[in-house]
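Peer 1: Before we start, here is the structure in question, set down as structure tokens.
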Amino acid sequence: MKGITLVLEDSGKFLRLNVHTEQVDSSPDAKQLIQLIKDSEHGKLFVLEDTLVKIQQDIHKAKENNSHREINERVAERRDAEVKFKLLDSDMLAELSLTSACGGANPNYPQLLKMARNADIKRGLSRKRLKIALQLAATEPPGTQIKEVVAKGLPMRPGRNSRMLPLVPNALERILRPQEISVSRVDMRDLGDVICVKAGTPLLRRTPPSQGRTGFTVRGESLQPTPGEWQPLKPGSGTMVSPDDENLLLAEIAGMPKFNQGDMWVDETFVCKGVNVGTGNVNYDGAVIVNGDVTEKMIITAAGDVTINGFVESAIIQAGGDIIITQGAMGKQSENGRNEYSTKLSAQGSIHVQHGQGLDITCNGNVTVGKQLAHSLIVCRGSVTVGPIDNPNGNLFGCEIQCQGPIQAGTIGAVSGSNLFVDYSEGFNFLVERIDVMDEMLKQIQDNYYRHKGRMEIIKKKRLPSDLARKVNMAVKLYKSEEQLLAWVTKKVEELRKAKEQYQNIIGMSASKKLHAGVIVKLNNRTWKADRDYSRGRVHYFEHQWHFEPK
């Protein structure tokens, strides 16, 4: 550029720009001057842009006023790389900020490692990440800022509380896991012996709590874990703590053991060879095992599980636990055309039937069917699975289902076009109602809390007489309690909203073989109907719409 020259000082550190204003043809702007330096042999130096802006203005004034002069200023300098280490997240992370050299020198690996140690980074330093940062500094343009997390502490892991490990399976678990014949085969007819234990049988073992894992910060400070706690071993009905081992629970009576959410108990068991007009109805305050069939119009009512190793026909079975029917159940539909069936199965837990037709099923848990379920009414708070648990390949058709979990089967619907209707609205609406109630409660508590918070701030600023100190202390305690209540309600609202989102993610149906026309799935006013036969795939709810996804 005419009239403009670049001269490197003898020290080699600074670059000077010399301008003879009378020789410059036009007034170059700062960008042109910067580009002049970048395109020169000194292009890697750090450009002092503010100085170039000033030079641009001086050239313009000289041209405008015809007061030419010589301008000589430092416009660039040689800079070594700038290295900073920053500790983050309560000293659990260390971040390297490296600005690559502008004509100067980048640090080598030993120098960078020494800088890290000088920054008090003693543990968790990644040598690999340091080398990556140096490689970037060498290849990226001069002055590039590189940020990299180069050290991580180890969070302490709190100790695990003692756990309750059942030593005997629940009856339903045994049914859903047939006995193995070989590595690759199982016998679907052999469901093992009925689980009835004798007095003195070990039922549950309490494992000791763990001490947790010691952690450390990048500064090398030790983070001590909180040890786990011993959870109380609570002997349930029909059980007792072993006199020789305080961590072992034994059966106190003969009966059927049951394990649920850490609790173990033994139900007294009524065993019979069948339920018919000869035996009469069964009403028992415990578990019931029927080693035979339950015939028409008979009623079984039990406080515990009901296990039927036979067939059920047009009977009523009510259980405070699970209902397990190892063969099948059949009922008749009401002659008035309504969805009323003569076989009614009602359980507080889950229900398992090997195959069924014409059933009215109500339970708080899951419904599992061994082979096929047809022309039935199902109301449950869990999932519906037809076929083996690990490979649901059974048939499901002609049913009306209200559930709150996924439906899995091999073939869903039938060639005949008999409708299968699934409604997920009840569980979703229940969550929405709870969220609305909790939101309203949260709003009221927030209004009160912030109003009281403002008043407490005023009280703190005032000098109060000693006779009011007691009342003020009581008010502070009430304020703290209100603060804790607000935190608890806020957490519950967040949990409910997550539950609502999770509900929409898990609902739907999956067919491993075929999904026939006539299948309908519904969530409030969002309905999907299969207008044709589909190959295997799943129906799921996403972004407020139902979708079919082939497998």
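Residues in the structure tokens are named by chain (A, B, ... in the order shown) and by number from 1 within that chain; ligands are numbered from 1 in the order shown.
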Could you list, as a ChimeraX atom specification, every residue within 9 Å of A:Pro235, counting only C-alpha atoms and ignoring same-chain residues fewer than 3 positions away?

Peer 2: /A:238-241,249-250,263-265

Peer 1: Per residue of stretch 324-421 of chain A within 12 Å of stretch 499-521 of chain A, record the nearest atom pair and its distance in Å to one decimal, counting only C-alpha atoms, with rows in chain order and ascending residue number, as a tab-separated table.

Peer 2:
```
residue	atom	partner	partner_atom	distance
A:Arg381	CA	A:Tyr503	CA	11.7
A:Gly382	CA	A:Ile507	CA	10.2
A:Ser383	CA	A:Ile507	CA	8.9
A:Val384	CA	A:Met509	CA	9.2
A:Thr385	CA	A:Ser510	CA	9.7
A:Val386	CA	A:Ala511	CA	10.1
A:Gly387	CA	A:Ser512	CA	10.6
A:Asp390	CA	A:Ser512	CA	11.8
A:Asn391	CA	A:Ser512	CA	8.5
A:Pro392	CA	A:Ser512	CA	7.4
A:Asn393	CA	A:Ser512	CA	6.4
A:Gly394	CA	A:Ser512	CA	9.2
A:Asn395	CA	A:Ala511	CA	9.4
A:Leu396	CA	A:Ala511	CA	9.7
A:Phe397	CA	A:Val519	CA	8.6
A:Gly398	CA	A:Val519	CA	9.0
A:Cys399	CA	A:Val519	CA	9.7
A:Glu400	CA	A:Ile520	CA	9.7
A:Ile401	CA	A:Val521	CA	9.4
A:Gln402	CA	A:Val521	CA	10.0
A:Cys403	CA	A:Ile507	CA	8.8
A:Gln404	CA	A:Ile507	CA	6.8
A:Gly405	CA	A:Ile507	CA	5.3
A:Pro406	CA	A:Ile507	CA	4.9
A:Ile407	CA	A:Met509	CA	4.5
A:Gln408	CA	A:Ser510	CA	4.9
A:Ala409	CA	A:Ala511	CA	5.3
A:Gly410	CA	A:Ser512	CA	4.5
A:Thr411	CA	A:Lys514	CA	4.8
A:Ile412	CA	A:Leu515	CA	4.9
A:Gly413	CA	A:His516	CA	4.9
A:Ala414	CA	A:His516	CA	5.8
A:Val415	CA	A:His516	CA	6.6
A:Ser416	CA	A:Ala517	CA	9.1
A:Gly417	CA	A:Gly518	CA	5.6
A:Ser418	CA	A:Gly518	CA	6.5
A:Asn419	CA	A:Gly518	CA	4.8
A:Leu420	CA	A:Val519	CA	4.8
A:Phe421	CA	A:Ile520	CA	4.8
```

Peer 1: Could you save the residues just selected, with N, CA and C atoms, as a tab-separated table (two decimals), in the first residue's frame?

Peer 2:
```tsv
chain	number	residue	atom	x	y	z
A	381	ARG	N	-54.59	-50.93	36.52
A	381	ARG	CA	-53.72	-49.77	36.68
A	381	ARG	C	-52.30	-50.03	36.22
A	382	GLY	N	-52.11	-51.15	35.55
A	382	GLY	CA	-50.79	-51.50	35.05
A	382	GLY	C	-50.83	-51.80	33.57
A	383	SER	N	-50.04	-52.77	33.15
A	383	SER	CA	-49.91	-53.14	31.74
A	383	SER	C	-50.69	-54.42	31.45
A	384	VAL	N	-50.83	-54.73	30.16
A	384	VAL	CA	-51.47	-55.97	29.71
A	384	VAL	C	-50.48	-56.68	28.78
A	385	THR	N	-50.12	-57.91	29.14
A	385	THR	CA	-49.14	-58.68	28.35
A	385	THR	C	-49.74	-60.03	28.01
A	386	VAL	N	-49.74	-60.38	26.73
A	386	VAL	CA	-50.28	-61.66	26.27
A	386	VAL	C	-49.15	-62.46	25.65
A	387	GLY	N	-48.77	-63.53	26.30
A	387	GLY	CA	-47.64	-64.36	25.88
A	387	GLY	C	-46.56	-64.33	26.94
A	390	ASP	N	-40.90	-62.39	28.34
A	390	ASP	CA	-39.72	-62.00	27.55
A	390	ASP	C	-39.99	-62.05	26.04
A	391	ASN	N	-41.16	-62.58	25.62
A	391	ASN	CA	-41.52	-62.63	24.20
A	391	ASN	C	-43.04	-62.68	24.06
A	392	PRO	N	-43.72	-61.55	24.25
A	392	PRO	CA	-45.19	-61.56	24.20
A	392	PRO	C	-45.68	-61.87	22.78
A	393	ASN	N	-46.09	-63.10	22.54
A	393	ASN	CA	-46.49	-63.52	21.19
A	393	ASN	C	-47.90	-64.08	21.12
A	394	GLY	N	-48.72	-63.84	22.16
A	394	GLY	CA	-50.08	-64.37	22.19
A	394	GLY	C	-51.06	-63.53	21.40
A	395	ASN	N	-52.35	-63.91	21.47
A	395	ASN	CA	-53.40	-63.26	20.70
A	395	ASN	C	-54.31	-62.46	21.62
A	396	LEU	N	-54.66	-61.24	21.19
A	396	LEU	CA	-55.54	-60.37	21.95
A	396	LEU	C	-56.55	-59.76	20.98
A	397	PHE	N	-57.86	-60.04	21.20
A	397	PHE	CA	-58.86	-59.49	20.28
A	397	PHE	C	-60.23	-59.43	20.96
A	398	GLY	N	-61.08	-58.57	20.39
A	398	GLY	CA	-62.45	-58.46	20.84
A	398	GLY	C	-62.62	-57.98	22.26
A	399	CYS	N	-61.67	-57.21	22.78
A	399	CYS	CA	-61.70	-56.79	24.19
A	399	CYS	C	-61.90	-55.28	24.31
A	400	GLU	N	-62.39	-54.89	25.47
A	400	GLU	CA	-62.44	-53.48	25.85
A	400	GLU	C	-61.52	-53.31	27.05
A	401	ILE	N	-60.52	-52.43	26.91
A	401	ILE	CA	-59.46	-52.34	27.92
A	401	ILE	C	-59.31	-50.90	28.39
A	402	GLN	N	-59.27	-50.74	29.71
A	402	GLN	CA	-58.86	-49.48	30.33
A	402	GLN	C	-57.64	-49.78	31.18
A	403	CYS	N	-56.48	-49.27	30.78
A	403	CYS	CA	-55.26	-49.58	31.53
A	403	CYS	C	-54.38	-48.34	31.58
A	404	GLN	N	-53.23	-48.47	32.27
A	404	GLN	CA	-52.35	-47.32	32.46
A	404	GLN	C	-50.90	-47.67	32.12
A	405	GLY	N	-50.74	-48.76	31.38
A	405	GLY	CA	-49.40	-49.19	30.97
A	405	GLY	C	-49.45	-49.74	29.56
A	406	PRO	N	-48.32	-50.14	29.00
A	406	PRO	CA	-48.28	-50.63	27.62
A	406	PRO	C	-49.01	-51.96	27.46
A	407	ILE	N	-49.49	-52.19	26.25
A	407	ILE	CA	-50.13	-53.46	25.88
A	407	ILE	C	-49.20	-54.17	24.90
A	408	GLN	N	-48.86	-55.42	25.21
A	408	GLN	CA	-47.94	-56.17	24.37
A	408	GLN	C	-48.54	-57.54	24.05
A	409	ALA	N	-48.51	-57.89	22.77
A	409	ALA	CA	-49.02	-59.19	22.33
A	409	ALA	C	-48.38	-59.51	20.99
A	410	GLY	N	-48.62	-60.72	20.52
A	410	GLY	CA	-48.14	-61.09	19.20
A	410	GLY	C	-49.06	-60.56	18.12
A	411	THR	N	-50.34	-60.95	18.20
A	411	THR	CA	-51.36	-60.49	17.26
A	411	THR	C	-52.42	-59.72	18.03
A	412	ILE	N	-52.67	-58.49	17.60
A	412	ILE	CA	-53.68	-57.64	18.24
A	412	ILE	C	-54.79	-57.41	17.24
A	413	GLY	N	-56.05	-57.73	17.64
A	413	GLY	CA	-57.17	-57.69	16.72
A	413	GLY	C	-57.34	-59.02	16.02
A	414	ALA	N	-58.36	-59.12	15.14
A	414	ALA	CA	-58.64	-60.39	14.47
A	414	ALA	C	-59.03	-60.13	13.03
A	415	VAL	N	-58.89	-61.19	12.20
A	415	VAL	CA	-59.23	-61.11	10.78
A	415	VAL	C	-60.70	-60.77	10.61
A	416	SER	N	-61.53	-61.25	11.53
A	416	SER	CA	-62.98	-61.02	11.44
A	416	SER	C	-63.34	-59.55	11.57
A	417	GLY	N	-62.39	-58.74	12.04
A	417	GLY	CA	-62.65	-57.32	12.20
A	417	GLY	C	-63.31	-56.95	13.51
A	418	SER	N	-63.38	-57.90	14.43
A	418	SER	CA	-63.95	-57.60	15.75
A	418	SER	C	-63.10	-56.53	16.42
A	419	ASN	N	-63.76	-55.50	16.91
A	419	ASN	CA	-63.03	-54.35	17.45
A	419	ASN	C	-62.31	-54.69	18.74
A	420	LEU	N	-61.16	-54.05	18.91
A	420	LEU	CA	-60.46	-54.07	20.20
A	420	LEU	C	-60.26	-52.61	20.57
A	421	PHE	N	-60.80	-52.22	21.72
A	421	PHE	CA	-60.82	-50.82	22.12
A	421	PHE	C	-59.98	-50.64	23.37
```

Peer 1: To one decimal in Å, tell me the separation between atom CA of A:Tyr534 and atom CA of A:Glu549.

Peer 2: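 One can read the atom CA of A:Tyr534 to atom CA of A:Glu549 distance as 9.9 Å.
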
Peer 1: Restricting the calculation to only C-alpha atoms, which member of A:Ile121, A:Leu176, A:Leu248, A:Ile435 is positioned closest to A:Thr207?

Peer 2: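 When distances to A:Thr207 are compared using only C-alpha atoms, the smallest one comes from A:Leu248.
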
Peer 1: Select, from A:Ile323, A:Ala81, A:Val277, A:Val353, the residue with the minimum atom-to-atom distance to A:Phe311, counting only C-alpha atoms.

Peer 2: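 Between A:Ile323, A:Ala81, A:Val277, A:Val353, the residue approaching A:Phe311 most closely is A:Val353.
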